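**Q** Pasting work09.cif here (mmCIF, C-alpha atoms):
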data_query
#
loop_
_atom_site.group_PDB
_atom_site.id
_atom_site.type_symbol
_atom_site.label_atom_id
_atom_site.label_comp_id
_atom_site.auth_asym_id
_atom_site.auth_seq_id
_atom_site.Cartn_x
_atom_site.Cartn_y
_atom_site.Cartn_z
ATOM 1 C CA MET A 274 102.804 72.906 155.228
ATOM 2 C CA ILE A 275 105.717 72.819 152.782
ATOM 3 C CA ARG A 276 108.997 73.532 154.599
ATOM 4 C CA LEU A 277 112.401 73.397 152.956
ATOM 5 C CA LEU A 278 115.924 74.712 153.459
ATOM 6 C CA LEU A 279 118.152 75.117 150.413
ATOM 7 C CA ALA A 280 121.763 74.280 151.246
ATOM 8 C CA SER A 281 124.962 73.980 149.220
ATOM 9 C CA MET A 282 128.618 73.041 149.357
ATOM 10 C CA SER A 283 129.777 76.655 149.066
ATOM 11 C CA SER A 284 128.804 80.182 148.173
ATOM 12 C CA GLY A 285 128.135 80.732 144.492
ATOM 13 C CA SER A 286 126.268 77.444 144.013
ATOM 14 C CA GLY A 287 122.991 79.134 143.069
ATOM 15 C CA LYS A 288 121.064 79.143 146.349
ATOM 16 C CA THR A 289 119.534 82.586 145.804
ATOM 17 C CA VAL A 290 118.491 81.857 142.213
ATOM 18 C CA LEU A 291 116.953 78.540 143.238
ATOM 19 C CA THR A 292 115.235 80.070 146.272
ATOM 20 C CA CYS A 293 113.582 82.642 144.012
ATOM 21 C CA ALA A 294 112.675 79.952 141.491
ATOM 22 C CA PHE A 295 111.088 77.746 144.161
ATOM 23 C CA LEU A 296 109.170 80.685 145.626
ATOM 24 C CA GLU A 297 107.839 81.648 142.202
ATOM 25 C CA ALA A 298 106.864 78.053 141.403
ATOM 26 C CA LEU A 299 104.968 77.758 144.685
ATOM 27 C CA ARG A 300 103.302 81.146 144.177
ATOM 28 C CA ARG A 301 102.053 80.071 140.751
ATOM 29 C CA ARG A 302 100.556 76.968 142.331
ATOM 30 C CA GLY A 303 98.500 79.082 144.691
ATOM 31 C CA TYR A 304 100.533 78.739 147.885
ATOM 32 C CA LYS A 305 100.944 81.622 150.302
ATOM 33 C CA ILE A 306 104.710 81.832 150.585
ATOM 34 C CA HIS A 307 107.236 83.081 153.117
ATOM 35 C CA ALA A 308 111.026 83.192 152.784
ATOM 36 C CA PHE A 309 113.912 83.159 155.235
ATOM 37 C CA LYS A 310 117.656 83.671 154.958
ATOM 38 C CA CYS A 311 120.191 82.100 157.309
ATOM 39 C CA GLY A 312 122.567 84.640 158.789
ATOM 40 C CA PRO A 313 122.576 88.458 158.743
ATOM 41 C CA ASP A 314 122.699 88.863 154.936
ATOM 42 C CA TYR A 315 120.341 91.696 153.916
ATOM 43 C CA ILE A 316 120.817 91.480 150.131
ATOM 44 C CA ASP A 317 119.451 87.991 149.450
ATOM 45 C CA PRO A 318 116.103 88.740 151.184
ATOM 46 C CA LYS A 319 115.726 91.671 148.775
ATOM 47 C CA PHE A 320 115.735 89.160 145.924
ATOM 48 C CA HIS A 321 113.188 87.011 147.759
ATOM 49 C CA ARG A 322 110.877 90.017 148.121
ATOM 50 C CA MET A 323 110.908 90.579 144.359
ATOM 51 C CA ILE A 324 108.729 87.481 144.032
ATOM 52 C CA ASP A 325 105.388 89.227 144.296
ATOM 53 C CA GLY A 326 106.429 91.053 147.464
ATOM 54 C CA VAL A 327 106.908 87.876 149.498
ATOM 55 C CA LYS A 328 107.904 88.429 153.114
ATOM 56 C CA SER A 329 111.466 87.422 153.926
ATOM 57 C CA ARG A 330 113.203 87.421 157.296
ATOM 58 C CA ASN A 331 116.678 86.614 158.564
ATOM 59 C CA LEU A 332 117.331 83.672 160.868
ATOM 60 C CA ASP A 333 120.585 84.485 162.656
ATOM 61 C CA LEU A 334 121.470 82.391 165.674
ATOM 62 C CA PHE A 335 124.254 84.798 166.659
ATOM 63 C CA LEU A 336 121.934 87.817 166.695
ATOM 64 C CA ALA A 337 119.450 85.674 168.629
ATOM 65 C CA ASP A 338 122.101 85.476 171.384
ATOM 66 C CA LEU A 339 122.792 81.842 170.478
ATOM 67 C CA ASN A 340 119.413 81.051 171.996
ATOM 68 C CA GLN A 341 117.719 78.183 170.159
ATOM 69 C CA ASP A 342 114.325 78.893 171.705
ATOM 70 C CA LYS A 343 114.500 82.500 170.540
ATOM 71 C CA LEU A 344 115.311 81.357 166.997
ATOM 72 C CA LYS A 345 112.329 78.987 167.061
ATOM 73 C CA LEU A 346 110.099 81.817 168.280
ATOM 74 C CA ILE A 347 111.254 84.183 165.518
ATOM 75 C CA TYR A 348 110.598 81.498 162.904
ATOM 76 C CA ALA A 349 107.174 80.457 164.216
ATOM 77 C CA ASP A 350 106.016 84.026 164.817
ATOM 78 C CA ALA A 351 106.898 85.120 161.276
ATOM 79 C CA ILE A 352 105.006 82.189 159.737
ATOM 80 C CA GLU A 353 101.958 82.704 161.940
ATOM 81 C CA LYS A 354 101.722 86.414 161.130
ATOM 82 C CA SER A 355 102.104 85.807 157.386
ATOM 83 C CA GLY A 356 99.663 82.892 157.253
ATOM 84 C CA ALA A 357 102.072 81.088 154.925
ATOM 85 C CA ASP A 358 101.557 77.478 153.923
ATOM 86 C CA ALA A 359 104.866 77.165 152.054
ATOM 87 C CA VAL A 360 108.208 78.249 153.513
ATOM 88 C CA ILE A 361 111.593 78.317 151.782
ATOM 89 C CA CYS A 362 114.716 79.077 153.793
ATOM 90 C CA GLU A 363 117.945 79.946 151.968
ATOM 91 C CA GLY A 364 121.112 78.659 153.582
ATOM 92 C CA VAL A 365 124.401 80.502 153.958
ATOM 93 C CA MET A 366 127.794 79.632 152.456
ATOM 94 C CA GLY A 367 128.549 75.905 152.732
ATOM 95 C CA TYR A 368 126.121 73.734 154.681
ATOM 96 C CA TYR A 369 128.267 73.451 157.835
ATOM 97 C CA ASP A 370 129.998 76.860 157.688
ATOM 98 C CA GLY A 371 129.245 78.644 160.950
ATOM 99 C CA LEU A 372 130.575 81.233 163.389
ATOM 100 C CA GLY A 373 134.221 82.121 162.925
ATOM 101 C CA GLY A 374 134.491 79.890 159.890
ATOM 102 C CA VAL A 375 135.686 76.992 162.050
ATOM 103 C CA THR A 376 132.462 75.920 163.795
ATOM 104 C CA ASP A 377 129.059 74.661 162.665
ATOM 105 C CA GLN A 378 127.254 76.959 165.123
ATOM 106 C CA GLY A 379 124.851 79.275 163.321
ATOM 107 C CA SER A 380 125.371 77.439 160.027
ATOM 108 C CA ALA A 381 122.647 76.406 157.610
ATOM 109 C CA TRP A 382 122.939 72.898 159.072
ATOM 110 C CA ASP A 383 122.566 74.230 162.613
ATOM 111 C CA THR A 384 119.455 76.170 161.581
ATOM 112 C CA ALA A 385 117.970 73.108 159.871
ATOM 113 C CA ARG A 386 118.725 71.013 162.957
ATOM 114 C CA ILE A 387 117.146 73.454 165.405
ATOM 115 C CA LEU A 388 114.038 74.104 163.297
ATOM 116 C CA ARG A 389 113.836 70.523 161.977
ATOM 117 C CA LEU A 390 113.866 71.685 158.377
ATOM 118 C CA PRO A 391 114.435 69.187 155.568
ATOM 119 C CA ALA A 392 117.451 70.296 153.534
ATOM 120 C CA LEU A 393 117.802 70.092 149.763
ATOM 121 C CA LEU A 394 121.441 70.188 148.664
ATOM 122 C CA ILE A 395 122.035 72.514 145.694
ATOM 123 C CA VAL A 396 124.993 71.161 143.735
ATOM 124 C CA ASN A 397 126.701 73.106 140.963
ATOM 125 C CA ALA A 398 127.313 70.492 138.282
ATOM 126 C CA LYS A 399 129.495 72.735 136.100
ATOM 127 C CA ALA A 400 132.875 71.103 135.387
ATOM 128 C CA ASN A 401 132.052 68.200 137.718
ATOM 129 C CA SER A 402 130.852 64.631 137.417
ATOM 130 C CA LEU A 403 131.573 61.568 139.595
ATOM 131 C CA THR A 404 133.671 63.588 142.063
ATOM 132 C CA LEU A 405 130.408 65.185 143.145
ATOM 133 C CA ALA A 406 129.407 61.868 144.700
ATOM 134 C CA ALA A 407 132.471 61.895 146.945
ATOM 135 C CA GLN A 408 131.802 65.481 148.016
ATOM 136 C CA ILE A 409 128.126 64.813 148.695
ATOM 137 C CA ARG A 410 128.910 61.693 150.717
ATOM 138 C CA GLY A 411 131.342 63.722 152.786
ATOM 139 C CA LEU A 412 128.635 66.285 153.525
ATOM 140 C CA ARG A 413 126.090 63.556 154.224
ATOM 141 C CA ASP A 414 128.335 61.751 156.711
ATOM 142 C CA PHE A 415 129.927 64.777 158.407
ATOM 143 C CA ARG A 416 127.123 65.005 160.960
ATOM 144 C CA GLU A 417 124.845 62.156 162.032
ATOM 145 C CA ASN A 418 121.655 64.207 161.798
ATOM 146 C CA ASN A 419 122.271 65.896 158.454
ATOM 147 C CA ASN A 420 118.586 66.563 157.578
ATOM 148 C CA MET A 421 119.344 66.089 153.860
ATOM 149 C CA ILE A 422 116.429 64.820 151.790
ATOM 150 C CA GLY A 423 117.876 65.062 148.297
ATOM 151 C CA ILE A 424 120.040 66.700 145.668
ATOM 152 C CA PHE A 425 119.232 69.386 143.089
ATOM 153 C CA LEU A 426 121.681 69.909 140.217
ATOM 154 C CA ASN A 427 122.314 73.493 139.151
ATOM 155 C CA ALA A 428 124.005 74.611 135.908
ATOM 156 C CA CYS A 429 123.334 71.144 134.565
ATOM 157 C CA SER A 430 122.288 70.239 131.030
ATOM 158 C CA ARG A 431 119.474 67.791 130.398
ATOM 159 C CA ASP A 432 121.864 65.219 128.942
ATOM 160 C CA LEU A 433 124.229 65.441 131.920
ATOM 161 C CA TYR A 434 121.279 65.168 134.310
ATOM 162 C CA LYS A 435 120.181 61.911 132.681
ATOM 163 C CA ILE A 436 123.684 60.448 132.943
ATOM 164 C CA LEU A 437 124.706 61.816 136.322
ATOM 165 C CA SER A 438 121.569 61.537 138.452
ATOM 166 C CA PRO A 439 121.390 57.696 138.641
ATOM 167 C CA VAL A 440 125.087 57.519 139.513
ATOM 168 C CA LEU A 441 124.749 60.116 142.282
ATOM 169 C CA GLU A 442 121.707 58.348 143.678
ATOM 170 C CA GLN A 443 123.530 55.015 143.742
ATOM 171 C CA GLU A 444 126.713 56.418 145.292
ATOM 172 C CA THR A 445 125.147 58.757 147.868
ATOM 173 C CA GLY A 446 121.805 57.165 148.718
ATOM 174 C CA LEU A 447 120.103 60.521 148.169
ATOM 175 C CA PRO A 448 117.525 61.080 145.405
ATOM 176 C CA VAL A 449 118.283 63.644 142.707
ATOM 177 C CA LEU A 450 115.050 65.647 142.683
ATOM 178 C CA GLY A 451 115.624 67.944 139.724
ATOM 179 C CA TYR A 452 117.969 70.168 137.778
ATOM 180 C CA LEU A 453 118.243 73.664 136.350
ATOM 181 C CA PRO A 454 120.216 74.309 133.164
ATOM 182 C CA ARG A 455 122.493 77.294 132.946
ATOM 183 C CA MET A 456 120.350 80.347 132.118
ATOM 184 C CA LYS A 457 122.077 83.673 131.544
ATOM 185 C CA GLU A 458 118.818 85.529 132.161
ATOM 186 C CA ALA A 459 118.609 83.994 135.641
ATOM 187 C CA GLU A 460 122.198 84.678 136.721
ATOM 188 C CA PHE A 461 122.741 87.296 139.425
ATOM 189 C CA LYS A 462 125.893 89.392 139.290
ATOM 190 C CA SER A 463 128.245 89.344 142.268
ATOM 191 C CA ARG A 464 130.909 91.487 143.833
ATOM 192 C CA HIS A 465 133.368 90.958 146.686
ATOM 193 C CA LEU A 466 130.713 91.103 149.448
ATOM 194 C CA GLY A 467 128.094 89.005 147.693
ATOM 195 C CA LEU A 468 125.385 89.582 145.120
ATOM 196 C CA ASN A 469 124.685 92.978 143.644
ATOM 197 C CA PRO A 470 121.452 94.326 145.198
ATOM 198 C CA PRO A 471 118.410 93.779 142.950
ATOM 199 C CA ASP A 472 117.832 97.530 142.520
ATOM 200 C CA GLU A 473 121.204 97.648 140.715
ATOM 201 C CA ASP A 474 120.248 94.890 138.268
ATOM 202 C CA ARG A 475 118.158 96.050 135.310
ATOM 203 C CA ARG A 476 116.892 92.499 134.707
ATOM 204 C CA VAL A 477 114.872 92.587 137.932
ATOM 205 C CA GLY A 478 111.355 93.917 137.469
ATOM 206 C CA VAL A 479 111.186 96.417 140.329
ATOM 207 C CA LYS A 480 107.798 97.878 139.408
ATOM 208 C CA THR A 481 106.045 94.557 138.938
ATOM 209 C CA GLY A 482 107.784 92.780 141.788
ATOM 210 C CA ARG A 483 108.611 89.839 139.533
ATOM 211 C CA MET A 484 111.915 88.303 138.531
ATOM 212 C CA ARG A 485 112.186 88.605 134.754
ATOM 213 C CA GLY A 486 114.303 85.482 134.535
ATOM 214 C CA PHE A 487 111.378 83.474 135.867
ATOM 215 C CA GLY A 488 108.630 84.828 133.640
#
Starting from the file, lay out its structure as structure tokens.

**A**
Amino acid sequence: MIRLLLASMSSGSGKTVLTCAFLEALRRRGYKIHAFKCGPDYIDPKFHRMIDGVKSRNLDLFLADLNQDKLKLIYADAIEKSGADAVICEGVMGYYDGLGGVTDQGSAWDTARILRLPALLIVNAKANSLTLAAQIRGLRDFRENNNMIGIFLNACSRDLYKILSPVLEQETGLPVLGYLPRMKEAEFKSRHLGLNPPDEDRRVGVKTGRMRGFG
């Protein structure tokens, strides 16, 4: 089974866009997909469900009474009932941002640790270059069991990808596994509490259940 958690340094790095893109890519390859969202966010799963009606469920350690076994049960039960063979979990905020904003409990990292999910770090490459290596190394070394398997560059041109990826790999020890250039048709609008719901965005194909930005 394919299992992956998409993490980032902060909100606004493109986790939702990339989650939808990964789900659509897997769907086109014939996988039966299932999505998850760390935390209580109800808007992001709505975007997940636009990919051919994929099932999406929240994984919230706080609402699971901080019970790791309960979180594992919720995760396993959802996968079993859906029959999925490819699972993408979208992280929340920065990788280690948890309860109260000053702990890692309930964070994307905590979820990846409990469920043993490999984490792909989504890095916004806009207006950044070598400094990204320092930031990524800080994230990599902040916890001993970081679960990180690689880096994915978002808002990154092809030319920058060719220049930047070997440097990041050398400096961080993590492989750069791909990139996505900036695409206006695949940008989701935001407001103060997060993304605008998909039913308020005319670019989202509500009737067909497909994201127009992804074909």

**Q** Leaving out stretch 325-332 of chain A and any residue of its chain fewer than 2 positions from it, which residues lie within 10 Å of it when counting all atoms listed in the file, given as a VMD selection string?

**A** chain A and resid 296 to 297 300 305 to 315 317 to 323 334 to 337 344 to 345 347 to 348 351 to 352 355 357 360 to 364 379 381 384 481 to 484

**Q** Nearest to A:Trp382: which of A:Ala349, A:Leu339, A:Val440, A:Leu394 is it, counting only C-alpha atoms?

**A**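 That would be A:Leu394, the residue with the smallest distance to A:Trp382.
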
**Q** Run the PyMOL selection byres ((chain A and resi 426) around 10) against the file shown and list the residues it catches, as a short mmCIF file (atom, residue, chain, number, x, y, z; two decimals) with C-alpha atoms, keeping the file's coordinate frame.

**A**
data_model
loop_
_atom_site.label_atom_id
_atom_site.label_comp_id
_atom_site.auth_asym_id
_atom_site.auth_seq_id
_atom_site.Cartn_x
_atom_site.Cartn_y
_atom_site.Cartn_z
CA SER A 286 126.27 77.44 144.01
CA GLY A 287 122.99 79.13 143.07
CA LEU A 394 121.44 70.19 148.66
CA ILE A 395 122.04 72.51 145.69
CA VAL A 396 124.99 71.16 143.74
CA ASN A 397 126.70 73.11 140.96
CA ALA A 398 127.31 70.49 138.28
CA LYS A 399 129.50 72.74 136.10
CA ILE A 424 120.04 66.70 145.67
CA PHE A 425 119.23 69.39 143.09
CA ASN A 427 122.31 73.49 139.15
CA ALA A 428 124.00 74.61 135.91
CA CYS A 429 123.33 71.14 134.56
CA SER A 430 122.29 70.24 131.03
CA LEU A 433 124.23 65.44 131.92
CA TYR A 434 121.28 65.17 134.31
CA LEU A 437 124.71 61.82 136.32
CA SER A 438 121.57 61.54 138.45
CA VAL A 449 118.28 63.64 142.71
CA LEU A 450 115.05 65.65 142.68
CA GLY A 451 115.62 67.94 139.72
CA TYR A 452 117.97 70.17 137.78
CA LEU A 453 118.24 73.66 136.35
CA PRO A 454 120.22 74.31 133.16
#

**Q** Kindly give the distance, in Å, that separates atom CA of A:Gly367 and atom CA of A:Ser281, rounded to a single decimal.

**A**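 Here the two named atoms are 5.4 Å from each other.
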
**Q** What does the structure give for the distance between atom CA of A:Asp350 and atom CA of A:Leu279, in Å to one decimal?

**A**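 Straight-line distance from atom CA of A:Asp350 to atom CA of A:Leu279 works out to 20.8 Å.
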
**Q** Distance atom CA of A:Asp358-atom CA of A:Met274, one decimal place?

**A**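 So the two atoms, atom CA of A:Asp358 and atom CA of A:Met274, lie 4.9 Å apart.
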
**Q** Could you check the closest approach to A:Asp338 for each of A:Ala294, A:Gln378, A:Arg301, A:Ser402 and tell me which residue wins, using all atoms listed in the file?

**A** A:Gln378
